[in-house]
Amino acid sequence: MATIFVCCCGANVADLARLSAAEIAFPEPSQAYPITVSADSAQVSQQGTLEVWILSGNCRIQQGESSTVSRDAVLWIDYSQPFRMAPHKVKVYLEGAVEVKYGLDIMDGTFKGPSWLGELSTNKEINLPQPNQNNRNAVTPAVYQRGLAIQREGGDAAKVGMPQPIMQIQYQEPGVAAMPANAVPTPRPQRVTINNRYATGFQFRGTETDPVSGESIMMFDSGVNVMIEGIDTIGSVNILADRVVLWSKKGVSALAQSNQANDAGDIELYLEGSIVFRQGEQVVYADRMYYNAGTETGIVLGAELLTPAPGYEGLVRLKADVLQRIDPSRYQAFGASITTSRLGVPNYWLQSNEIEFIDEQREVINPITGEVQYDPYTAAPIIDHDKRATARNNFVYMGGVPVFYWPTLSANIENPTFYLNNIKVRNDNNFGFQVLTEWDNYELLGIKNPWEGTEWNTSLDFLSERGFGVGTRFDFNGTYFPFMRTPATGFLDAWGIHDSGTDNLGADRRVIEPQANPRGRVIGRHRQTFRGDLRFFGELGYISDSNFLESYFEREWDTDKDATTGFRLEKLYENQSFTMSGASRVNDFFMMTEKIPQLDHTIIGESLLFDRLTWNAHSSIGYLHLNPADPPTDPVDLAKFSLFPYETNSEGIRAFTTQSLEMPLDIGPTKVTPYALGQVGYWHEDVNDNDVMRGYGQLGVRGSLMMWTANRAVQSQLWNLNGLAHKVTLYGDAFYADSSQDIERFPLYDNLDDDAQEQFARRFKVNTFGLPTNVPLPATVDERFYAIRYGLQNSVTSPSAEIADDLQVARLELRQVWQTKRGAPGGERIIDWIKFDVGASVFPDADRDNFGETIGLVNYDFNWEIGDRLSIVSDGDWDFFDNGLQMVNVGAQMSRPQVGTLYLGYTMIRSPVLANILNASFQYRMTDKWIAGLGTSYDFESAGNLGQNVYLTRIGESSLFTFNVNVDPSRAVTGIGITFEPRFFATGRYSRIAGEPIPPVGAFGLE
């Protein structure tokens, strides 16, 4: 449905009231139709980025079933950029016998009046009449001026001298913001003013008007400040120079007097000596310069252009022997170089024979009000830039040495890394000598207008012990795809190698033969929300073999979600969701459930019986196929591989519904909620290939009691306390649950662990418990029973339908926080000074539910913000039966922004393994040029040294250069690495201090 912004002139008040209350709903989305325009006469011109059409005589606009008719019309067309797939926008002003047909539901489908102002949009073409080439008016028609004036006044016709009132009415689809009007500033008269540059004043001499050419000439010396106003919407031009020669066909004698102005329409300038040219946020330094104020063009010799880049606090610098200003936004440079360095001889730059530099400056428009936004400190309009450089015969210089050549470059100056995003050089006895590079494809291919909101990079890697690796990554954020009207977010990442070595995965797996060759992975994710609260999630996850990620991308293997292939389509409606999902098994070496497909309906917080009861429900049906993992081919992995008890080749229909009713009650200061939860489900195949039905019921009560006290008299400079409030919440949840079937009967279609945890658990029972592969893990470390004891089944939104069994438990928790205020007077903020939560579970039937122990699942969480830069944290989990989890962590962290950070931590594990681990990390900016860092872990039990990482980073003017040493005793690997990353827009792990990016060049003065 199109979004329409409407202003009506001379309409009946009753009709307007009726119109404002109506909902515009065209029979079909109007954006899907082209816009067709016709008129007796048409003129076209360019106004910044907008194409302006002035029409007269039998003007008609047609889009789908909507149409307009008028005597005169003005159209401001904002064409969408290529690849954006966003609609073209057309602002329309109609005047004289206006008739607009909206639709059958609005004012009988027709509005009539003297004038109309509105917006149209289309994803199709815009068909326009043939413009009159020989009928250009010397003066802009009055209808155009009135249209501009009405827009500037927000639709108030009285302010522009029109007798009819204009009332603004906005029609929009629910949840979709109306398109703002493009602010068009009032045209200002051009004029030039000359003042002295230095306190000593300036000298001048002039000539009389030449009777042949009609020109007057005036020469200024000893420092001149030239101000040219009324040039365009971006701002005035200000030029400083030591000597100036000025030509004009109009009288310029008044300029000899300081602060006197003259018409700037035909003035030409030649300038010499320490020239500084400013317009908007552009600054040009030059030795000599010619400038035509009327055409806004010029030629600069010995030029240096400085201009900002969004997202970067520094400036982009363009130097050239000859710089030609073709128009206000386009420059042509010869013998040129681009860099972000401010040194006389930079360390990193792009040298080209010829560079075309485009800097389109636009005033930023407030999307709500449609008005120009101004800087609150300078009162100047806020300027947005679109910068791009197209260069030929390019060399990239580093340290004064050419390191790369490419014939053509088209680069977005917002990311001025020039082909190469980063380069890393490493050496270890696992991968050998390594050179890892990342390249910008848009720049390499010379794509001038890349797909908006996207980045496309290629990785070219050399690993001497393994081979050559090649990969590509495509990221999109807020990107419009073809035939889609809403933006999408996601990525596609692929990398592969023909491996000539063996995997070293540590401990007892130091020589593992690859299970596939070539090896690699392709991972992609797509997320998009459509109108009407319809959401789509898609995933692609292919891995060549089970050990590839652990070997080449260990952090991704340990921390990222599993690589899966499937989709989920979700429709939201108030407090309900309707979901269809599907999944396909691509990686046979991992356990996975295929869905062909699955349908879910969820409702949360539905009120019943006049808010006395709350109803929650989740129902699901689908055809599922649980596929066990295929055995590995390597003998080392195969010797410790086994299937889990719930990992069976089971398939068929699974259908269940889970319902709960809650009755919230206020009993004095206590909130108490009795509840009942039940589930009925059908599984076509259990672990023995038999169908099974299960009924599960649960009755319980949960409640909480909050208490607090505050004492403003607590003041301490030592502890940084300004008042103290202590808030305590007592929480309890007790329930009785009964299941008609044991949990051991069910295959685990909805898995609890990710692939990395499962691969570890298969070896865990052999390495830790010494069990043979055909014996399952003890129930005390089985994740299913841990989830049941913690009450995973105590919710209709439980992530696993199979997790449910008989249970009696009471969970008790004490949650407390001490709060104070910190900050400058008048700007205090409330912070959690100390948080300390403790909890435990009581099991009446301890032998059945908690392995013989009445008390279990004891845990605590402690956090003490001693100061803004020092904190102490600790947490622990404890069970009292054999092989139950028994772990305590304690640590302290101190940090100073842009200085460094220090962390010391200790982890004690008593069961199911024995470990006493000391962790330490340190980062410190020693000087303006150097950062040092250290990370280490040591186990005082049998494991011993767990690893170290030491690095030293040099902060250069244009780049970050890091040397690091990494020691991994588990894999018997010692590696040395060198990383080079351009300093601007640096995103690597060594580009941050205490979690904050290293500031750009010049942020704290000259470095």
# chains A, B, ... in the order shown; residues from 1 in each chain; ligands from 1
>>> residues_around(residues="A:Gly933", least_positions_apart="5", cutoff="8 Å", atoms="only C-alpha atoms", output="ChimeraX atom specification")
/A:921-924,950-952
>>> closest_atom_pairs(of="stretch 732-836 of chain A", to="stretch 691-707 of chain A", cutoff="7 Å", atoms="only C-alpha atoms", output="JSON lines")
{"residue": "A:Gly732", "atom": "CA", "partner": "A:Arg702", "partner_atom": "CA", "distance": 5.5}
{"residue": "A:Asp733", "atom": "CA", "partner": "A:Arg702", "partner_atom": "CA", "distance": 4.2}
{"residue": "A:Ala734", "atom": "CA", "partner": "A:Gly700", "partner_atom": "CA", "distance": 5.5}
{"residue": "A:Phe735", "atom": "CA", "partner": "A:Gly700", "partner_atom": "CA", "distance": 3.8}
{"residue": "A:Tyr736", "atom": "CA", "partner": "A:Leu699", "partner_atom": "CA", "distance": 5.5}
{"residue": "A:Ala737", "atom": "CA", "partner": "A:Gln698", "partner_atom": "CA", "distance": 4.2}
{"residue": "A:Asp738", "atom": "CA", "partner": "A:Gly697", "partner_atom": "CA", "distance": 5.5}
{"residue": "A:Ser739", "atom": "CA", "partner": "A:Tyr696", "partner_atom": "CA", "distance": 4.4}
{"residue": "A:Ser740", "atom": "CA", "partner": "A:Gly695", "partner_atom": "CA", "distance": 5.4}
{"residue": "A:Gln741", "atom": "CA", "partner": "A:Arg694", "partner_atom": "CA", "distance": 5.9}
>>> residues_around(residues="stretch 235-240 of chain A", least_positions_apart="4", cutoff="7 Å", atoms="only C-alpha atoms", output="JSON, numbers by chain")
{"A": [197, 224, 225, 226, 227, 228, 229, 230, 231, 275, 276, 277, 278, 279, 280]}
>>> write_last_selection(atoms="N, CA, C and O atoms", output="PDB file, in the first residue's frame")
ATOM      1  N   ARG A 197      41.992  39.700   5.577  1.00  0.00           N
ATOM      2  CA  ARG A 197      42.380  38.415   6.158  1.00  0.00           C
ATOM      3  C   ARG A 197      43.188  38.615   7.432  1.00  0.00           C
ATOM      4  O   ARG A 197      43.053  37.848   8.387  1.00  0.00           O
ATOM      5  N   VAL A 224      43.187  38.686   1.935  1.00  0.00           N
ATOM      6  CA  VAL A 224      41.781  38.976   1.678  1.00  0.00           C
ATOM      7  C   VAL A 224      40.934  37.794   2.130  1.00  0.00           C
ATOM      8  O   VAL A 224      41.321  36.627   1.977  1.00  0.00           O
ATOM      9  N   ASN A 225      39.766  38.101   2.667  1.00  0.00           N
ATOM     10  CA  ASN A 225      38.763  37.097   3.053  1.00  0.00           C
ATOM     11  C   ASN A 225      37.540  37.319   2.173  1.00  0.00           C
ATOM     12  O   ASN A 225      36.839  38.329   2.310  1.00  0.00           O
ATOM     13  N   VAL A 226      37.291  36.389   1.233  1.00  0.00           N
ATOM     14  CA  VAL A 226      36.196  36.506   0.278  1.00  0.00           C
ATOM     15  C   VAL A 226      35.043  35.606   0.739  1.00  0.00           C
ATOM     16  O   VAL A 226      35.233  34.398   0.925  1.00  0.00           O
ATOM     17  N   MET A 227      33.855  36.190   0.911  1.00  0.00           N
ATOM     18  CA  MET A 227      32.664  35.431   1.293  1.00  0.00           C
ATOM     19  C   MET A 227      31.650  35.524   0.158  1.00  0.00           C
ATOM     20  O   MET A 227      31.255  36.617  -0.245  1.00  0.00           O
ATOM     21  N   ILE A 228      31.239  34.339  -0.368  1.00  0.00           N
ATOM     22  CA  ILE A 228      30.246  34.282  -1.437  1.00  0.00           C
ATOM     23  C   ILE A 228      29.028  33.569  -0.890  1.00  0.00           C
ATOM     24  O   ILE A 228      29.098  32.388  -0.530  1.00  0.00           O
ATOM     25  N   GLU A 229      27.899  34.246  -0.823  1.00  0.00           N
ATOM     26  CA  GLU A 229      26.681  33.701  -0.240  1.00  0.00           C
ATOM     27  C   GLU A 229      25.651  33.418  -1.327  1.00  0.00           C
ATOM     28  O   GLU A 229      25.717  33.965  -2.422  1.00  0.00           O
ATOM     29  N   GLY A 230      24.689  32.557  -0.978  1.00  0.00           N
ATOM     30  CA  GLY A 230      23.609  32.246  -1.898  1.00  0.00           C
ATOM     31  C   GLY A 230      24.003  31.313  -3.008  1.00  0.00           C
ATOM     32  O   GLY A 230      23.357  31.270  -4.056  1.00  0.00           O
ATOM     33  N   ILE A 231      25.056  30.510  -2.775  1.00  0.00           N
ATOM     34  CA  ILE A 231      25.522  29.612  -3.831  1.00  0.00           C
ATOM     35  C   ILE A 231      24.558  28.446  -4.013  1.00  0.00           C
ATOM     36  O   ILE A 231      24.038  28.192  -5.081  1.00  0.00           O
ATOM     37  N   ILE A 275      46.148  29.679   0.064  1.00  0.00           N
ATOM     38  CA  ILE A 275      44.697  29.691  -0.163  1.00  0.00           C
ATOM     39  C   ILE A 275      44.024  28.647   0.724  1.00  0.00           C
ATOM     40  O   ILE A 275      44.488  27.512   0.840  1.00  0.00           O
ATOM     41  N   VAL A 276      42.915  29.043   1.334  1.00  0.00           N
ATOM     42  CA  VAL A 276      42.054  28.123   2.082  1.00  0.00           C
ATOM     43  C   VAL A 276      40.632  28.317   1.558  1.00  0.00           C
ATOM     44  O   VAL A 276      40.055  29.393   1.703  1.00  0.00           O
ATOM     45  N   PHE A 277      40.074  27.261   0.929  1.00  0.00           N
ATOM     46  CA  PHE A 277      38.734  27.315   0.331  1.00  0.00           C
ATOM     47  C   PHE A 277      37.815  26.426   1.164  1.00  0.00           C
ATOM     48  O   PHE A 277      38.086  25.242   1.363  1.00  0.00           O
ATOM     49  N   ARG A 278      36.690  26.988   1.663  1.00  0.00           N
ATOM     50  CA  ARG A 278      35.751  26.233   2.485  1.00  0.00           C
ATOM     51  C   ARG A 278      34.344  26.357   1.911  1.00  0.00           C
ATOM     52  O   ARG A 278      33.907  27.440   1.551  1.00  0.00           O
ATOM     53  N   GLN A 279      33.648  25.205   1.864  1.00  0.00           N
ATOM     54  CA  GLN A 279      32.225  25.177   1.568  1.00  0.00           C
ATOM     55  C   GLN A 279      31.630  23.969   2.270  1.00  0.00           C
ATOM     56  O   GLN A 279      32.061  22.842   2.058  1.00  0.00           O
ATOM     57  N   GLY A 280      30.625  24.205   3.088  1.00  0.00           N
ATOM     58  CA  GLY A 280      30.076  23.120   3.894  1.00  0.00           C
ATOM     59  C   GLY A 280      31.160  22.578   4.798  1.00  0.00           C
ATOM     60  O   GLY A 280      31.799  23.326   5.549  1.00  0.00           O
TER      61      GLY A 280
END
>>> residues_around(residues="A:Arg971", least_positions_apart="2", cutoff="7 Å", atoms="only C-alpha atoms", output="compact mmCIF listing (two decimals) with N, CA and C atoms, in the first residue's frame")
# COMPACT_ATOMS: atom_id res chain seq x y z
N ASN A 504 45.65 -30.96 14.06
CA ASN A 504 46.17 -31.05 15.43
C ASN A 504 45.12 -30.42 16.33
N LEU A 505 44.34 -31.27 17.02
CA LEU A 505 43.22 -30.80 17.84
C LEU A 505 43.51 -30.89 19.33
N GLY A 506 44.74 -31.19 19.72
CA GLY A 506 45.13 -31.16 21.11
C GLY A 506 45.00 -32.49 21.82
N ALA A 507 45.67 -32.56 23.00
CA ALA A 507 45.61 -33.71 23.88
C ALA A 507 45.90 -35.00 23.12
N ARG A 510 46.36 -35.22 18.23
CA ARG A 510 47.33 -34.32 17.62
C ARG A 510 47.63 -34.65 16.16
N ASP A 968 50.26 -22.86 22.92
CA ASP A 968 49.15 -23.78 23.19
C ASP A 968 49.75 -25.14 23.56
N PRO A 969 49.97 -25.40 24.87
CA PRO A 969 50.59 -26.68 25.27
C PRO A 969 49.75 -27.88 24.91
N VAL A 973 51.86 -26.40 20.32
CA VAL A 973 52.00 -25.43 19.24
C VAL A 973 52.47 -24.11 19.81
>>> select_by_dssp(residues="stretch 660-784 of chain A", states="alpha helix (DSSP H)", output="ChimeraX atom specification")
/A:755-767,783-784
>>> residues_around(residues="stretch 926-930 of chain A", least_positions_apart="6", cutoff="10 Å", atoms="only C-alpha atoms", output="list in words")
Val899, Gly900, Leu952, Thr953, Arg954, Ile955, Gly956, Glu957, Leu960, Phe961, Thr962 and Glu1007 of chain A
>>> residues_around(residues="A:Tyr419", least_positions_apart="3", cutoff="8 Å", atoms="only C-alpha atoms", output="PyMOL selection string")
chain A and resi 439-441+443-444
>>> select_by_dssp(residues="stretch 706-771 of chain A", states="strand (DSSP E or B)", output="number ranges by chain")
A: 706-716, 721-739
